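Structure file structure_29.cif; described as mmCIF, C-alpha atoms.
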data_target
loop_
_atom_site.group_PDB
_atom_site.id
_atom_site.type_symbol
_atom_site.label_atom_id
_atom_site.label_comp_id
_atom_site.auth_asym_id
_atom_site.auth_seq_id
_atom_site.Cartn_x
_atom_site.Cartn_y
_atom_site.Cartn_z
ATOM 1 C CA MET A 530 104.982 94.330 104.196
ATOM 2 C CA VAL A 531 101.359 93.486 103.323
ATOM 3 C CA ASN A 532 100.142 89.897 102.951
ATOM 4 C CA LEU A 533 99.565 89.348 99.208
ATOM 5 C CA GLU A 534 96.432 87.217 99.640
ATOM 6 C CA PHE A 535 94.928 89.847 101.949
ATOM 7 C CA LEU A 536 95.750 92.554 99.414
ATOM 8 C CA LYS A 537 94.200 90.636 96.512
ATOM 9 C CA GLU A 538 91.027 90.065 98.509
ATOM 10 C CA ALA A 539 90.870 93.641 99.818
ATOM 11 C CA ILE A 540 91.009 95.238 96.370
ATOM 12 C CA SER A 541 88.568 92.833 94.738
ATOM 13 C CA SER A 542 85.579 94.565 93.186
ATOM 14 C CA SER A 543 83.231 92.880 95.688
ATOM 15 C CA HIS A 544 84.611 95.000 98.542
ATOM 16 C CA HIS A 545 84.453 98.465 96.930
ATOM 17 C CA ILE A 546 87.562 99.694 98.775
ATOM 18 C CA SER A 547 89.674 102.298 97.027
ATOM 19 C CA CYS A 548 93.450 102.040 97.055
ATOM 20 C CA THR A 549 93.576 105.321 98.975
ATOM 21 C CA GLU A 550 91.275 103.959 101.702
ATOM 22 C CA LEU A 551 93.205 100.709 101.848
ATOM 23 C CA ALA A 552 96.579 102.443 102.069
ATOM 24 C CA CYS A 553 95.291 104.681 104.858
ATOM 25 C CA SER A 554 93.988 101.707 106.848
ATOM 26 C CA LEU A 555 97.342 99.930 106.383
ATOM 27 C CA GLY A 556 99.253 103.020 107.477
ATOM 28 C CA ILE A 557 101.163 103.425 104.217
ATOM 29 C CA HIS A 558 101.111 106.018 101.445
ATOM 30 C CA ARG A 559 98.950 105.158 98.439
ATOM 31 C CA ASN A 560 101.982 105.455 96.133
ATOM 32 C CA THR A 561 103.739 102.810 98.231
ATOM 33 C CA LEU A 562 100.683 100.571 97.913
ATOM 34 C CA HIS A 563 100.522 101.106 94.138
ATOM 35 C CA LEU A 564 104.227 100.283 93.800
ATOM 36 C CA TYR A 565 103.854 97.152 95.936
ATOM 37 C CA MET A 566 100.871 96.060 93.841
ATOM 38 C CA LYS A 567 102.747 96.700 90.595
ATOM 39 C CA CYS A 568 105.833 94.777 91.765
ATOM 40 C CA ASN A 569 103.624 91.806 92.669
ATOM 41 C CA GLY A 570 101.443 91.864 89.546
ATOM 42 C CA ILE A 571 98.269 92.844 91.397
ATOM 43 C CA GLU A 572 95.775 95.020 89.532
ATOM 44 C CA GLN A 573 92.626 96.658 90.780
ATOM 45 C CA ARG A 574 89.793 95.562 88.548
ATOM 46 C CA TYR A 575 86.430 97.158 88.076
ATOM 47 C CA THR A 576 83.082 95.596 87.344
ATOM 48 C CA PRO A 577 82.320 95.800 83.623
ATOM 49 C CA ILE A 578 79.396 98.057 82.797
ATOM 50 C CA GLY A 579 77.808 98.831 79.469
ATOM 51 C CA ASP A 580 77.581 102.323 78.013
ATOM 52 C CA SER A 581 73.810 102.546 78.379
ATOM 53 C CA ASP A 582 73.955 101.430 82.028
ATOM 54 C CA LEU A 583 76.681 103.986 82.704
ATOM 55 C CA ASP A 584 74.610 106.697 81.003
ATOM 56 C CA ASP A 585 71.654 105.782 83.244
ATOM 57 C CA LEU A 586 73.819 106.036 86.365
ATOM 58 C CA VAL A 587 75.183 109.434 85.337
ATOM 59 C CA ARG A 588 71.674 110.724 84.550
ATOM 60 C CA GLU A 589 70.431 109.555 87.958
ATOM 61 C CA CYS A 590 73.397 111.162 89.680
ATOM 62 C CA LYS A 591 72.806 114.458 87.851
ATOM 63 C CA LYS A 592 69.128 114.371 88.897
ATOM 64 C CA ARG A 593 70.091 113.996 92.548
ATOM 65 C CA ARG A 594 72.988 116.470 92.459
ATOM 66 C CA PRO A 595 72.571 118.771 89.447
ATOM 67 C CA ASP A 596 75.562 120.936 90.364
ATOM 68 C CA SER A 597 78.008 118.027 90.499
ATOM 69 C CA GLY A 598 80.883 118.286 88.074
ATOM 70 C CA ILE A 599 80.575 122.021 87.537
#

Please render this file's structure as C-alpha coordinates.
Amino acid sequence: MVNLEFLKEAISSSHHISCTELACSLGIHRNTLHLYMKCNGIEQRYTPIGDSDLDDLVRECKKRRPDSGI
(Lines of atoms letter the chains of each structure in order from A and count residues from 1; the text may use other names and numbers.)
(Lines give C-alpha, C1' and ligand atoms only; values in the text may rest on other atoms or scores of the structure.)
Protein backbone atom coordinates (compact mmCIF):
# COMPACT_ATOMS: atom_id res chain seq x y z
CA MET A 1 0.00 0.00 0.00
CA VAL A 2 1.18 3.57 0.68
CA ASN A 3 4.38 4.32 2.60
CA LEU A 4 3.29 5.66 6.02
CA GLU A 5 6.05 8.28 6.27
CA PHE A 6 5.19 9.56 2.79
CA LEU A 7 1.52 9.74 3.76
CA LYS A 8 2.22 11.63 6.99
CA GLU A 9 4.36 14.14 5.13
CA ALA A 10 1.92 14.50 2.22
CA ILE A 11 -1.05 15.38 4.42
CA SER A 12 0.85 17.77 6.68
CA SER A 13 -0.64 21.25 6.77
CA SER A 14 2.49 22.70 5.13
CA HIS A 15 1.64 21.01 1.82
CA HIS A 16 -2.03 22.02 1.48
CA ILE A 17 -2.98 18.78 -0.29
CA SER A 18 -6.51 17.52 0.21
CA CYS A 19 -7.16 13.84 0.82
CA THR A 20 -9.14 13.74 -2.43
CA GLU A 21 -6.19 15.13 -4.41
CA LEU A 22 -3.78 12.78 -2.68
CA ALA A 23 -5.97 9.73 -3.27
CA CYS A 24 -6.32 10.64 -6.95
CA SER A 25 -2.56 11.02 -7.37
CA LEU A 26 -2.03 7.65 -5.65
CA GLY A 27 -4.64 5.99 -7.86
CA ILE A 28 -6.91 4.96 -4.99
CA HIS A 29 -10.39 6.01 -3.89
CA ARG A 30 -10.50 8.66 -1.17
CA ASN A 31 -12.52 6.32 1.08
CA THR A 32 -9.70 3.77 0.81
CA LEU A 33 -7.21 6.47 1.77
CA HIS A 34 -9.34 7.57 4.74
CA LEU A 35 -9.66 3.96 5.93
CA TYR A 36 -5.91 3.39 5.57
CA MET A 37 -5.22 6.59 7.52
CA LYS A 38 -7.68 5.62 10.25
CA CYS A 39 -6.23 2.11 10.60
CA ASN A 40 -2.74 3.60 10.98
CA GLY A 41 -3.70 6.43 13.35
CA ILE A 42 -2.95 9.20 10.85
CA GLU A 43 -5.09 12.34 11.05
CA GLN A 44 -5.19 15.31 8.76
CA ARG A 45 -4.59 18.40 10.84
CA TYR A 46 -5.39 21.97 10.01
CA THR A 47 -3.59 25.14 10.96
CA PRO A 48 -5.28 26.76 13.96
CA ILE A 49 -6.91 30.09 13.17
CA GLY A 50 -8.71 32.49 15.45
CA ASP A 51 -12.32 33.54 14.95
CA SER A 52 -11.46 37.12 14.03
CA ASP A 53 -8.88 35.98 11.45
CA LEU A 54 -11.41 33.56 9.98
CA ASP A 55 -14.03 36.33 9.84
CA ASP A 56 -11.53 38.53 7.96
CA LEU A 57 -10.84 35.76 5.44
CA VAL A 58 -14.55 35.17 4.84
CA ARG A 59 -15.19 38.91 4.41
CA GLU A 60 -12.35 39.16 1.89
CA CYS A 61 -13.64 36.13 0.01
CA LYS A 62 -17.17 37.59 -0.11
CA LYS A 63 -15.75 40.88 -1.46
CA ARG A 64 -14.00 39.06 -4.29
CA ARG A 65 -16.85 36.64 -5.04
CA PRO A 66 -20.09 38.06 -3.63
CA ASP A 67 -22.24 35.27 -5.09
CA SER A 68 -20.25 32.48 -3.45
CA GLY A 69 -22.25 30.30 -1.10
CA ILE A 70 -25.63 31.25 -2.52

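Compared by their closest atoms to Glu534 of chain A, and using all atoms listed in the file, the residues A:Asn569, A:Arg559, A:Ser554, A:Gly598 rank with A:Asn569 nearest.
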
Interatomic distance, atom CA of Tyr575 of chain A to atom CA of Ile546 of chain A (Å, one decimal):
11.1 Å

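In this structure, atom CA of Ile578 of chain A sits 21.5 Å away from atom CA of Lys537 of chain A.
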
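With distances taken from (90.5, 100.1, 90.3) and restricted to only C-alpha atoms, the residues inside 8 Å are Ile540, Ser542, Ser547, Cys548, Glu572, Gln573, Arg574 and Tyr575 of chain A.
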
Rounded to one decimal place, report the atom CA of Ala552 of chain A-atom CA of Leu586 of chain A distance in Å.
27.9 Å

Would you mind listing what lies within 12 Å of Ser597 of chain A as a PyMOL selection string, with all atoms listed in the file counted and same-chain residues fewer than 5 positions away left out?
chain A and resi 587-592

Which neighbours of Asn532 of chain A fall inside 12 Å, counting all atoms listed in the file, when residues of the same chain fewer than 5 positions from it are skipped, and could you give them as a ChimeraX atom specification?
/A:537-539,555,562,565-566,569

Where's the centre, and what are the edge lengths in Å to one decimal, of a box along x, y and z enclosing all listed atoms of segment 532-551 of chain A padded 3 Å per side, as lines of an AutoDock Vina configuration file?
center_x = 91.7
center_y = 96.3
center_z = 98.1
size_x = 22.9
size_y = 24.1
size_z = 15.8

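You can rank A:Asp596, A:Met530, A:Phe535, A:His544 by their closest distance to Ile571 of chain A using only C-alpha atoms, and at the top of that list sits A:Phe535.
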
When you get a chance, write out N, CA and C atoms for segment 563-588 of chain A, as a CSV table (one decimal), keeping the file's coordinate frame.
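Saved the output as result30.csv:
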chain,number,residue,atom,x,y,z
A,563,HIS,N,100.5,101.3,95.6
A,563,HIS,CA,100.5,101.1,94.1
A,563,HIS,C,101.8,100.4,93.7
A,564,LEU,N,102.9,100.9,94.2
A,564,LEU,CA,104.2,100.3,93.8
A,564,LEU,C,104.3,98.8,94.2
A,565,TYR,N,103.9,98.5,95.4
A,565,TYR,CA,103.9,97.2,95.9
A,565,TYR,C,103.0,96.3,95.1
A,566,MET,N,101.8,96.8,94.7
A,566,MET,CA,100.9,96.1,93.8
A,566,MET,C,101.5,95.8,92.5
A,567,LYS,N,102.1,96.8,91.9
A,567,LYS,CA,102.7,96.7,90.6
A,567,LYS,C,103.9,95.7,90.6
A,568,CYS,N,104.7,95.7,91.6
A,568,CYS,CA,105.8,94.8,91.8
A,568,CYS,C,105.4,93.3,91.9
A,569,ASN,N,104.2,93.2,92.4
A,569,ASN,CA,103.6,91.8,92.7
A,569,ASN,C,102.5,91.4,91.7
A,570,GLY,N,102.4,92.2,90.6
A,570,GLY,CA,101.4,91.9,89.5
A,570,GLY,C,100.0,91.9,90.0
A,571,ILE,N,99.6,92.7,90.9
A,571,ILE,CA,98.3,92.8,91.4
A,571,ILE,C,97.6,94.1,90.8
A,572,GLU,N,96.5,93.9,90.1
A,572,GLU,CA,95.8,95.0,89.5
A,572,GLU,C,94.4,95.2,90.2
A,573,GLN,N,94.0,96.4,90.3
A,573,GLN,CA,92.6,96.7,90.8
A,573,GLN,C,91.7,96.6,89.6
A,574,ARG,N,90.7,95.7,89.7
A,574,ARG,CA,89.8,95.6,88.5
A,574,ARG,C,88.4,96.2,88.9
A,575,TYR,N,87.7,96.6,87.9
A,575,TYR,CA,86.4,97.2,88.1
A,575,TYR,C,85.4,96.3,87.4
A,576,THR,N,84.2,96.4,87.9
A,576,THR,CA,83.1,95.6,87.3
A,576,THR,C,82.8,96.2,86.0
A,577,PRO,N,82.7,95.3,85.0
A,577,PRO,CA,82.3,95.8,83.6
A,577,PRO,C,80.9,96.3,83.6
A,578,ILE,N,80.7,97.4,82.9
A,578,ILE,CA,79.4,98.1,82.8
A,578,ILE,C,79.2,98.6,81.4
A,579,GLY,N,78.1,98.4,80.8
A,579,GLY,CA,77.8,98.8,79.5
A,579,GLY,C,77.6,100.3,79.4
A,580,ASP,N,77.7,100.9,78.2
A,580,ASP,CA,77.6,102.3,78.0
A,580,ASP,C,76.2,102.8,78.4
A,581,SER,N,75.2,102.1,78.1
A,581,SER,CA,73.8,102.5,78.4
A,581,SER,C,73.6,102.5,79.9
A,582,ASP,N,74.1,101.5,80.6
A,582,ASP,CA,74.0,101.4,82.0
A,582,ASP,C,74.7,102.6,82.7
A,583,LEU,N,75.9,102.9,82.2
A,583,LEU,CA,76.7,104.0,82.7
A,583,LEU,C,76.0,105.3,82.5
A,584,ASP,N,75.4,105.5,81.3
A,584,ASP,CA,74.6,106.7,81.0
A,584,ASP,C,73.5,106.8,82.0
A,585,ASP,N,72.8,105.7,82.3
A,585,ASP,CA,71.7,105.8,83.2
A,585,ASP,C,72.1,106.2,84.6
A,586,LEU,N,73.3,105.7,85.1
A,586,LEU,CA,73.8,106.0,86.4
A,586,LEU,C,74.2,107.5,86.4
A,587,VAL,N,74.8,108.0,85.4
A,587,VAL,CA,75.2,109.4,85.3
A,587,VAL,C,73.9,110.3,85.3
A,588,ARG,N,72.9,109.9,84.6
A,588,ARG,CA,71.7,110.7,84.6
A,588,ARG,C,71.0,110.8,85.9
